[in-house]
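The file run10.csv contains CSV, C-alpha atoms and all ligand atoms:
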```
chain,number,residue,atom,x,y,z
X,17,MET,CA,0.0,0.0,0.0
X,18,PRO,CA,1.8,3.2,-1.1
X,19,LEU,CA,1.4,5.8,1.7
X,20,LEU,CA,2.2,9.3,0.3
X,21,LEU,CA,3.1,12.0,2.8
X,22,PRO,CA,3.0,15.4,1.1
X,23,THR,CA,4.0,18.5,3.1
X,24,GLY,CA,2.0,21.2,1.2
X,25,LEU,CA,-1.5,21.5,-0.2
X,26,ASN,CA,-0.2,21.9,-3.8
X,27,GLU,CA,1.7,18.7,-3.5
X,28,VAL,CA,-1.5,17.0,-2.2
X,29,LEU,CA,-3.3,18.2,-5.3
X,30,ASP,CA,-0.6,17.1,-7.6
X,31,LEU,CA,-0.6,13.6,-6.1
X,32,LEU,CA,-4.4,13.4,-6.3
X,33,ALA,CA,-4.2,14.4,-10.0
X,34,GLU,CA,-1.5,11.7,-10.6
X,35,HIS,CA,-3.3,9.1,-8.6
X,36,PRO,CA,-7.1,9.6,-9.3
X,37,GLU,CA,-7.9,6.4,-7.4
X,38,ALA,CA,-6.0,7.5,-4.2
X,39,ARG,CA,-7.8,7.9,-0.9
X,40,VAL,CA,-7.2,10.9,1.3
X,41,LEU,CA,-6.3,10.1,4.9
X,42,ALA,CA,-6.8,12.7,7.6
X,43,GLY,CA,-7.2,11.4,11.2
X,44,GLY,CA,-7.9,7.9,10.0
X,45,THR,CA,-10.6,7.3,12.7
X,46,ASP,CA,-13.2,6.5,10.0
X,47,LEU,CA,-11.1,5.4,7.0
X,48,LEU,CA,-8.8,3.0,8.8
X,49,VAL,CA,-11.7,1.4,10.6
X,50,ARG,CA,-13.5,0.9,7.3
X,51,LEU,CA,-10.5,-0.5,5.5
X,52,ARG,CA,-9.8,-2.9,8.3
X,53,ALA,CA,-13.4,-4.0,8.3
X,54,CYS,CA,-13.6,-4.8,4.6
X,55,GLY,CA,-10.1,-6.3,4.5
X,56,ALA,CA,-9.5,-5.1,0.9
X,57,SER,CA,-6.2,-3.6,-0.2
X,58,PRO,CA,-6.6,0.1,0.3
X,59,GLY,CA,-4.5,1.2,-2.7
X,60,THR,CA,-2.7,4.5,-2.7
X,61,ILE,CA,-3.2,6.7,0.3
X,62,VAL,CA,-2.5,10.4,0.4
X,63,SER,CA,-2.1,11.5,4.0
X,64,LEU,CA,-2.7,15.0,5.1
X,65,GLU,CA,-0.8,14.5,8.3
X,66,ARG,CA,2.3,16.5,7.4
X,67,VAL,CA,0.6,19.3,5.4
X,68,ALA,CA,1.8,22.4,7.2
X,69,GLY,CA,-0.9,24.9,8.2
X,70,LEU,CA,-3.9,22.8,7.0
X,71,GLY,CA,-5.5,22.8,10.4
X,72,ARG,CA,-5.2,26.5,11.1
X,73,ILE,CA,-8.2,28.2,12.8
X,74,GLU,CA,-8.5,32.0,12.1
X,75,ALA,CA,-11.1,34.8,12.4
X,76,LEU,CA,-11.8,36.6,9.2
X,77,GLU,CA,-13.8,39.5,7.9
X,78,THR,CA,-15.9,38.6,4.8
X,79,ALA,CA,-18.2,40.7,2.6
X,80,THR,CA,-21.1,39.4,4.6
X,81,GLY,CA,-19.5,39.9,8.1
X,82,PRO,CA,-17.2,38.2,10.5
X,83,ALA,CA,-16.5,34.5,10.0
X,84,VAL,CA,-14.1,31.8,11.2
X,85,ARG,CA,-12.1,29.7,8.8
X,86,ILE,CA,-11.2,26.3,10.1
X,87,GLY,CA,-8.6,24.3,8.2
X,88,ALA,CA,-9.6,20.8,7.2
X,89,THR,CA,-7.2,19.0,9.5
X,90,ALA,CA,-8.1,20.8,12.7
X,91,THR,CA,-9.0,18.0,15.1
X,92,MET,CA,-11.9,18.0,17.6
X,93,THR,CA,-9.3,18.7,20.3
X,94,ASP,CA,-8.1,21.7,18.3
X,95,LEU,CA,-11.7,23.0,18.2
X,96,LEU,CA,-12.1,22.5,21.9
X,97,ARG,CA,-8.8,24.3,22.6
X,98,SER,CA,-9.5,27.3,20.3
X,99,ASP,CA,-10.6,30.5,22.0
X,100,THR,CA,-11.9,31.7,18.6
X,101,VAL,CA,-14.2,28.7,18.3
X,102,HIS,CA,-15.2,28.8,21.9
X,103,GLN,CA,-16.1,32.5,21.8
X,104,ARG,CA,-17.4,32.9,18.2
X,105,LEU,CA,-18.8,29.5,17.4
X,106,PRO,CA,-20.1,28.1,20.8
X,107,LEU,CA,-22.4,25.6,19.0
X,108,LEU,CA,-19.5,24.0,17.2
X,109,HIS,CA,-17.6,23.9,20.5
X,110,ARG,CA,-20.5,22.1,22.1
X,111,ALA,CA,-20.7,19.6,19.3
X,112,ALA,CA,-16.9,18.9,19.6
X,113,SER,CA,-17.3,18.3,23.3
X,114,ALA,CA,-20.0,15.7,22.7
X,115,PHE,CA,-17.7,13.9,20.3
X,116,ALA,CA,-16.4,10.4,21.2
X,117,ALA,CA,-13.7,10.5,23.9
X,118,PRO,CA,-10.3,12.4,24.1
X,119,THR,CA,-8.3,9.7,22.3
X,120,VAL,CA,-10.6,9.9,19.2
X,121,ARG,CA,-10.9,13.7,19.5
X,122,ASN,CA,-7.1,14.0,19.3
X,123,ALA,CA,-7.1,12.4,15.8
X,124,ALA,CA,-10.5,13.0,14.3
X,125,THR,CA,-10.6,16.1,12.0
X,126,LEU,CA,-13.3,18.4,11.1
X,127,GLY,CA,-12.7,17.8,7.4
X,128,GLY,CA,-12.9,14.1,8.0
X,129,ASN,CA,-16.1,14.4,9.9
X,130,ILE,CA,-17.7,16.4,7.0
X,131,CYS,CA,-16.4,14.1,4.3
X,132,THR,CA,-17.6,11.0,6.1
X,133,ALA,CA,-21.0,12.4,5.4
X,134,SER,CA,-22.6,10.3,8.1
X,135,PRO,CA,-26.1,11.4,9.2
X,136,ALA,CA,-24.8,10.9,12.7
X,137,ALA,CA,-21.7,13.2,12.3
X,138,ASP,CA,-21.7,15.4,15.3
X,139,THR,CA,-20.4,18.6,13.7
X,140,LEU,CA,-22.8,18.6,10.8
X,141,PRO,CA,-26.0,19.8,12.5
X,142,ALA,CA,-24.1,22.7,14.1
X,143,LEU,CA,-22.4,23.6,10.8
X,144,LEU,CA,-25.7,23.5,9.0
X,145,VAL,CA,-27.6,25.9,11.3
X,146,MET,CA,-24.6,28.3,11.1
X,147,ASN,CA,-24.8,28.3,7.3
X,148,ALA,CA,-21.2,27.0,6.9
X,149,SER,CA,-19.6,26.4,3.6
X,150,VAL,CA,-16.7,24.1,2.6
X,151,GLU,CA,-13.7,25.1,0.5
X,152,LEU,CA,-12.7,22.5,-2.1
X,153,ALA,CA,-9.3,22.6,-3.8
X,154,SER,CA,-8.0,20.8,-6.8
X,155,ARG,CA,-5.6,21.5,-9.6
X,156,ARG,CA,-8.6,22.9,-11.6
X,157,GLY,CA,-9.0,25.6,-9.0
X,158,ALA,CA,-11.0,26.2,-5.8
X,159,ARG,CA,-14.7,26.2,-5.2
X,160,ILE,CA,-17.0,26.9,-2.3
X,161,LEU,CA,-20.1,24.9,-1.5
X,162,PRO,CA,-22.7,25.4,1.3
X,163,ILE,CA,-22.9,22.2,3.5
X,164,PRO,CA,-26.3,21.1,2.1
X,165,HIS,CA,-24.8,21.2,-1.4
X,166,PHE,CA,-21.8,19.2,-0.3
X,167,VAL,CA,-23.3,16.4,1.8
X,168,LEU,CA,-25.6,14.5,-0.6
X,169,GLY,CA,-26.5,11.4,1.3
X,170,PRO,CA,-25.1,8.8,3.7
X,171,GLY,CA,-21.4,8.6,2.8
X,172,ARG,CA,-22.0,10.7,-0.3
X,173,THR,CA,-20.5,14.1,-1.0
X,174,ALA,CA,-20.0,16.4,-3.9
X,175,LEU,CA,-16.2,15.8,-3.8
X,176,GLU,CA,-14.9,15.3,-7.3
X,177,PRO,CA,-11.9,13.3,-8.3
X,178,GLY,CA,-8.7,15.2,-7.5
X,179,GLU,CA,-10.4,17.4,-5.0
X,180,VAL,CA,-9.7,17.8,-1.3
X,181,LEU,CA,-11.6,19.7,1.3
X,182,SER,CA,-9.2,22.4,2.4
X,183,GLY,CA,-11.3,24.3,4.9
X,184,VAL,CA,-14.6,25.3,6.3
X,185,VAL,CA,-15.9,28.9,6.5
X,186,VAL,CA,-18.4,29.5,9.3
X,187,PRO,CA,-20.2,32.9,9.5
X,188,VAL,CA,-20.1,34.1,13.1
X,189,PRO,CA,-23.8,33.9,14.3
X,190,ARG,CA,-24.8,37.4,15.5
X,191,GLY,CA,-27.7,38.3,17.8
X,192,PHE,CA,-28.5,34.7,18.8
X,193,THR,CA,-29.4,34.3,22.5
X,194,PHE,CA,-29.2,30.5,22.7
X,195,HIS,CA,-26.7,28.1,21.1
X,196,HIS,CA,-27.8,24.6,22.0
X,197,PHE,CA,-26.4,21.1,21.0
X,198,GLU,CA,-27.7,17.9,22.5
X,199,LYS,CA,-26.9,14.4,21.5
X,200,VAL,CA,-28.7,11.3,22.6
X,201,GLY,CA,-26.5,8.2,22.4
X,202,GLN,CA,-26.5,4.8,24.0
X,203,ARG,CA,-23.8,5.8,26.4
X,204,ARG,CA,-22.3,9.1,27.7
X,205,ALA,CA,-19.0,8.8,25.8
X,206,MET,CA,-17.9,7.0,22.6
X,207,ALA,CA,-21.5,6.9,21.4
X,208,ILE,CA,-22.6,7.5,17.9
X,209,ALA,CA,-25.7,9.8,18.0
X,210,VAL,CA,-29.1,8.1,18.1
X,211,VAL,CA,-30.6,11.6,17.6
X,212,SER,CA,-28.9,15.0,17.9
X,213,LEU,CA,-30.2,18.5,17.8
X,214,ALA,CA,-28.4,21.8,17.1
X,215,ALA,CA,-30.5,24.8,17.8
X,216,MET,CA,-29.9,28.6,17.6
X,217,LEU,CA,-32.6,31.0,18.8
X,218,ALA,CA,-32.6,34.8,18.7
X,219,VAL,CA,-35.0,36.1,21.4
X,220,GLU,CA,-35.8,39.8,21.5
X,221,ASP,CA,-38.2,41.4,24.0
X,222,GLY,CA,-39.4,37.9,24.9
X,223,ARG,CA,-40.2,36.9,21.3
X,224,ILE,CA,-38.2,34.6,19.0
X,225,ARG,CA,-36.9,36.6,16.1
X,226,GLU,CA,-35.1,33.7,14.5
X,227,ALA,CA,-35.0,30.0,15.0
X,228,ARG,CA,-32.6,27.6,13.3
X,229,LEU,CA,-32.9,23.9,14.0
X,230,ALA,CA,-31.1,20.8,12.6
X,231,TRP,CA,-31.3,17.2,13.6
X,232,GLY,CA,-28.7,14.4,13.1
X,233,SER,CA,-29.3,10.7,12.7
X,234,VAL,CA,-32.9,11.0,11.7
X,235,GLY,CA,-32.6,10.9,7.9
X,236,PRO,CA,-30.1,10.3,5.1
X,237,THR,CA,-28.4,13.6,5.8
X,238,VAL,CA,-28.7,16.1,8.6
X,239,ILE,CA,-32.3,17.6,8.4
X,240,ARG,CA,-33.6,21.1,9.0
X,241,SER,CA,-37.3,21.7,9.5
X,242,PRO,CA,-38.4,25.0,8.0
X,243,GLU,CA,-41.9,24.3,9.3
X,244,ALA,CA,-40.8,23.9,12.9
X,245,GLU,CA,-38.6,27.0,12.6
X,246,ALA,CA,-41.6,29.0,11.3
X,247,ILE,CA,-43.8,27.9,14.1
X,248,LEU,CA,-41.3,29.2,16.7
X,249,ARG,CA,-40.5,32.4,14.8
X,250,GLY,CA,-42.4,35.5,16.1
X,251,GLY,CA,-43.8,33.7,19.2
X,252,ARG,CA,-42.7,33.3,22.8
X,253,LEU,CA,-40.4,30.4,23.9
X,254,THR,CA,-43.2,28.5,25.6
X,255,LEU,CA,-43.7,24.8,26.2
X,256,SER,CA,-46.8,24.9,24.0
X,257,ALA,CA,-45.0,26.6,21.1
X,258,LEU,CA,-42.2,24.0,21.4
X,259,ALA,CA,-44.7,21.2,21.5
X,260,GLU,CA,-46.3,22.4,18.3
X,261,ALA,CA,-42.8,22.7,16.7
X,262,ALA,CA,-41.9,19.2,18.0
X,263,ARG,CA,-45.0,17.8,16.1
X,264,ALA,CA,-43.7,19.5,12.9
X,265,ALA,CA,-40.2,18.2,13.5
X,266,ARG,CA,-41.5,14.6,13.8
X,267,ARG,CA,-43.2,15.0,10.5
X,268,ALA,CA,-40.0,16.4,8.9
X,269,VAL,CA,-37.6,13.7,10.0
X,270,ALA,CA,-37.2,10.4,8.1
X,271,PRO,CA,-35.4,8.0,10.4
X,272,ILE,CA,-34.5,4.4,9.9
X,273,SER,CA,-34.4,1.6,12.4
X,274,ASP,CA,-31.0,0.1,13.0
X,275,ILE,CA,-28.9,-1.6,15.7
X,276,ARG,CA,-29.0,1.5,17.9
X,277,ALA,CA,-32.7,2.5,17.8
X,278,SER,CA,-36.0,2.1,16.1
X,279,ALA,CA,-37.3,4.7,13.6
X,280,ASP,CA,-40.3,5.4,15.9
X,281,TYR,CA,-38.0,6.0,18.9
X,282,ARG,CA,-35.9,8.4,16.9
X,283,ARG,CA,-38.9,10.3,15.6
X,284,GLN,CA,-40.2,10.7,19.1
X,285,VAL,CA,-36.9,11.8,20.5
X,286,ALA,CA,-36.3,14.3,17.7
X,287,GLY,CA,-39.4,16.2,18.9
X,288,ASN,CA,-38.7,15.7,22.6
X,289,LEU,CA,-35.3,17.3,22.2
X,290,LEU,CA,-37.0,20.5,21.1
X,291,LEU,CA,-39.0,20.5,24.4
X,292,ARG,CA,-35.7,20.7,26.2
X,293,LEU,CA,-35.3,24.2,24.9
X,294,ALA,CA,-37.9,25.2,27.5
X,295,ASP,CA,-35.3,24.6,30.2
X,296,LEU,CA,-32.5,26.7,28.6
X,297,PRO,CA,-31.0,28.8,31.4
X,298,GLY,CA,-32.0,32.5,31.2
X,299,ARG,CA,-35.1,31.8,29.2
X,300,GLY,CA,-37.4,33.5,31.6
X,301,PRO,CA,-40.9,32.4,32.6
X,302,GLY,CA,-43.0,30.5,30.0
X,303,ASP,CA,-46.3,28.8,30.2
X,401,LIG,C1,-14.3,4.9,18.4
X,401,LIG,C2,-14.9,5.9,17.5
X,401,LIG,C3,-15.8,6.9,18.0
X,401,LIG,C4,-16.4,7.8,17.1
X,401,LIG,N1,-17.2,8.7,17.7
X,401,LIG,C5,-17.8,9.7,16.9
X,401,LIG,C6,-18.6,10.7,17.4
X,401,LIG,O1,-18.9,10.7,18.6
X,401,LIG,N2,-19.1,11.6,16.6
X,401,LIG,C7,-18.9,11.6,15.2
X,401,LIG,O2,-19.4,12.5,14.5
X,401,LIG,N3,-18.0,10.7,14.7
X,401,LIG,C8,-17.5,9.7,15.5
X,401,LIG,N4,-16.6,8.8,14.9
X,401,LIG,C9,-16.4,8.8,13.5
X,401,LIG,C10,-15.1,9.5,13.0
X,401,LIG,O3,-14.2,9.7,14.2
X,401,LIG,C11,-15.4,10.9,12.5
X,401,LIG,O4,-16.2,10.9,11.4
X,401,LIG,C12,-14.1,11.7,12.2
X,401,LIG,O5,-14.4,13.1,12.2
X,401,LIG,C13,-13.5,11.4,10.9
X,401,LIG,O6,-12.4,12.2,10.7
X,401,LIG,P1,-10.9,11.7,10.4
X,401,LIG,O7,-10.0,12.8,10.3
X,401,LIG,O8,-10.5,10.6,11.3
X,401,LIG,O9,-11.2,11.1,8.9
X,401,LIG,P2,-10.6,9.9,8.1
X,401,LIG,O10,-11.0,8.6,8.7
X,401,LIG,O11,-9.1,10.2,7.8
X,401,LIG,O12,-11.4,10.1,6.7
X,401,LIG,C14,-12.8,9.9,6.6
X,401,LIG,C15,-13.2,10.0,5.2
X,401,LIG,O13,-13.1,11.4,4.8
X,401,LIG,C16,-12.2,11.5,3.7
X,401,LIG,N5,-11.4,12.8,4.0
X,401,LIG,C17,-10.9,13.1,5.2
X,401,LIG,N6,-10.4,14.4,5.2
X,401,LIG,C18,-10.6,14.8,3.9
X,401,LIG,C19,-10.3,16.0,3.2
X,401,LIG,N7,-9.7,17.0,3.9
X,401,LIG,N8,-10.6,16.1,1.9
X,401,LIG,C20,-11.2,15.1,1.3
X,401,LIG,N9,-11.5,13.9,1.8
X,401,LIG,C21,-11.2,13.8,3.1
X,401,LIG,C22,-11.3,10.3,3.7
X,401,LIG,O14,-10.8,10.0,2.4
X,401,LIG,C23,-12.4,9.3,4.2
X,401,LIG,O15,-13.2,8.9,3.1
X,401,LIG,C24,-16.0,7.8,15.7
X,401,LIG,C25,-15.1,6.9,15.3
X,401,LIG,C26,-14.6,5.9,16.1
X,401,LIG,C27,-13.6,4.9,15.6
```

In structure tokens, how does this file's structure come out?
Ligand SMILES: Cc1cc2nc3c(=O)[nH]c(=O)nc-3n(C[C@H](O)[C@H](O)[C@H](O)COP(=O)(O)OP(=O)(O)OC[C@H]3O[C@@H](n4cnc5c(N)ncnc54)[C@H](O)[C@@H]3O)c2cc1C
Amino acid sequence: MPLLLPTGLNEVLDLLAEHPEARVLAGGTDLLVRLRACGASPGTIVSLERVAGLGRIEALETATGPAVRIGATATMTDLLRSDTVHQRLPLLHRAASAFAAPTVRNAATLGGNICTASPAADTLPALLVMNASVELASRRGARILPIPHFVLGPGRTALEPGEVLSGVVVPVPRGFTFHHFEKVGQRRAMAIAVVSLAAMLAVEDGRIREARLAWGSVGPTVIRSPEAEAILRGGRLTLSALAEAARAARRAVAPISDIRASADYRRQVAGNLLLRLADLPGRGPGD
């Protein structure tokens, strides 16, 4: 198995152009497990491990406002240690803290989590509600795609041959009062999500100005429910409004039954997680 260890992004792109069948290796926490499970020869592997600067996290000013650019090989531990992520993208910070356990977090990268395109990937619901985009690089040039245009289905992305995900640009959410991430798994640590919810709410004068909600593990990709968001928008953050939004959410999701949970259980929990928003600290009295 040839393992290629380029040290710069251009070198990665040259190698991918020369070896169109090659696989990209980041932290290996998904790819190596899969290769081991299928027992097939992996073919050429282009590792990102030695590419300098590919995991850099930086605050930016864009035409539409402040953003954070996170390099593809930033690990979950890097996200947790970054003050920029903690302060500007608290939702992503929460998703990273719900991720596996320290040993896996030290290796698993943000780029790998996105490219795995698992409906259960912990960072995807958070990136979706923050309207994040991925940067894709190849010898043909660079392009930027919003997450819903990149993640196409379970394990399916819009990555083309010769392309590598080089980074993620996340607009800094402004004016949001609550940034909430919750994951229901079979255990507290090292558990793949049975259902997860990322929610951002902007509450002004007691009314919800904006609601963004995305669920993981309840469909072929991470799912938003515009109907549930519209139910909450303009009203108060009360248990009855959340219960109505929860009914809409249960209609929006399309879970499957698998070894971890039944479809019915997942549908029920997807709605129930919304009810938890009634307990957010600082919410004030509701009904
Ligand atoms: C014990 C264990 C626990 C886990 N727990 C969780 C969990 O709690 N939450 C969760 O979401 N996931 C979990 N996972 C899954 C896995 O850790 C994540 O999906 C991880 O983020 C993958 O990142 P990686 O860097 O290890 O990717 P890799 O395994 O290196 O790659 C994964 C896939 O993405 C491609 N790829 C990686 N980076 C790029 C890039 N920059 N450009 C193009 N293609 C790329 C690879 O070719 C491969 O197809 C767990 C895995 C294990 C083994």

(Q) ligand LIG 401 (chain X): which residues are within 8 Å, counting only C-alpha atoms and all ligand atoms? Reply as a PyMOL selection string. (A) chain X and resi 39-49+64+88-89+91-92+114-117+120-121+123-134+136-140+152+175+179-183+205-209

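Shortest separation to X:Glu74 among X:Ala111, X:Leu29, X:Leu51, X:Val185 occurs at residue X:Val185, atoms counted being all atoms listed in the file.
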
Q: Find the residues around stretch 22-24 of chain X up to 12 Å (all atoms listed in the file counted), leave out those fewer than 3 positions away in its own chain, and share them as a list in words.
A: Leu19, Glu27, Val28, Leu29, Asp30, Leu31, Leu32, Val40, Leu41, Ile61, Val62, Ser63, Leu64, Glu65, Arg66, Val67, Ala68, Gly69, Leu70, Gly71 and Ser182 of chain X

Atoms kept (C-alpha atoms) for selection, written as a PDB file, keeping the file's coordinate frame:
```pdb
ATOM      1  CA  LEU X  19       1.400   5.800   1.700  1.00  0.00           C
ATOM      2  CA  GLU X  27       1.700  18.700  -3.500  1.00  0.00           C
ATOM      3  CA  VAL X  28      -1.500  17.000  -2.200  1.00  0.00           C
ATOM      4  CA  LEU X  29      -3.300  18.200  -5.300  1.00  0.00           C
ATOM      5  CA  ASP X  30      -0.600  17.100  -7.600  1.00  0.00           C
ATOM      6  CA  LEU X  31      -0.600  13.600  -6.100  1.00  0.00           C
ATOM      7  CA  LEU X  32      -4.400  13.400  -6.300  1.00  0.00           C
ATOM      8  CA  VAL X  40      -7.200  10.900   1.300  1.00  0.00           C
ATOM      9  CA  LEU X  41      -6.300  10.100   4.900  1.00  0.00           C
ATOM     10  CA  ILE X  61      -3.200   6.700   0.300  1.00  0.00           C
ATOM     11  CA  VAL X  62      -2.500  10.400   0.400  1.00  0.00           C
ATOM     12  CA  SER X  63      -2.100  11.500   4.000  1.00  0.00           C
ATOM     13  CA  LEU X  64      -2.700  15.000   5.100  1.00  0.00           C
ATOM     14  CA  GLU X  65      -0.800  14.500   8.300  1.00  0.00           C
ATOM     15  CA  ARG X  66       2.300  16.500   7.400  1.00  0.00           C
ATOM     16  CA  VAL X  67       0.600  19.300   5.400  1.00  0.00           C
ATOM     17  CA  ALA X  68       1.800  22.400   7.200  1.00  0.00           C
ATOM     18  CA  GLY X  69      -0.900  24.900   8.200  1.00  0.00           C
ATOM     19  CA  LEU X  70      -3.900  22.800   7.000  1.00  0.00           C
ATOM     20  CA  GLY X  71      -5.500  22.800  10.400  1.00  0.00           C
ATOM     21  CA  SER X 182      -9.200  22.400   2.400  1.00  0.00           C
TER      22      SER X 182
END
```

Q.
Let me make sure I understand: among X:Arg283, X:Arg97, X:Lys199, X:Arg85, which one has the smallest atom-to-atom distance to X:Ala262 if we use all atoms listed in the file?
A. X:Arg283

(Q) Could you check the closest approach to X:Asp99 for each of X:Ile73, X:Leu168, X:Ala294, X:Leu258 and tell me which residue wins, using all atoms listed in the file? (A) X:Ile73

Q) Quick one: residues within 10 Å of X:Arg249, all atoms listed in the file counted, chain neighbours fewer than 4 positions away excluded, as number ranges by chain? A) X: 217-219, 223-228, 243-245, 253, 257

Keeping C-alpha atoms, export the residues of the selection given above as a PDB file, in the coordinates of the input.
```
ATOM      1  CA  LEU X 217     -32.600  31.000  18.800  1.00  0.00           C
ATOM      2  CA  ALA X 218     -32.600  34.800  18.700  1.00  0.00           C
ATOM      3  CA  VAL X 219     -35.000  36.100  21.400  1.00  0.00           C
ATOM      4  CA  ARG X 223     -40.200  36.900  21.300  1.00  0.00           C
ATOM      5  CA  ILE X 224     -38.200  34.600  19.000  1.00  0.00           C
ATOM      6  CA  ARG X 225     -36.900  36.600  16.100  1.00  0.00           C
ATOM      7  CA  GLU X 226     -35.100  33.700  14.500  1.00  0.00           C
ATOM      8  CA  ALA X 227     -35.000  30.000  15.000  1.00  0.00           C
ATOM      9  CA  ARG X 228     -32.600  27.600  13.300  1.00  0.00           C
ATOM     10  CA  GLU X 243     -41.900  24.300   9.300  1.00  0.00           C
ATOM     11  CA  ALA X 244     -40.800  23.900  12.900  1.00  0.00           C
ATOM     12  CA  GLU X 245     -38.600  27.000  12.600  1.00  0.00           C
ATOM     13  CA  LEU X 253     -40.400  30.400  23.900  1.00  0.00           C
ATOM     14  CA  ALA X 257     -45.000  26.600  21.100  1.00  0.00           C
TER      15      ALA X 257
END
```
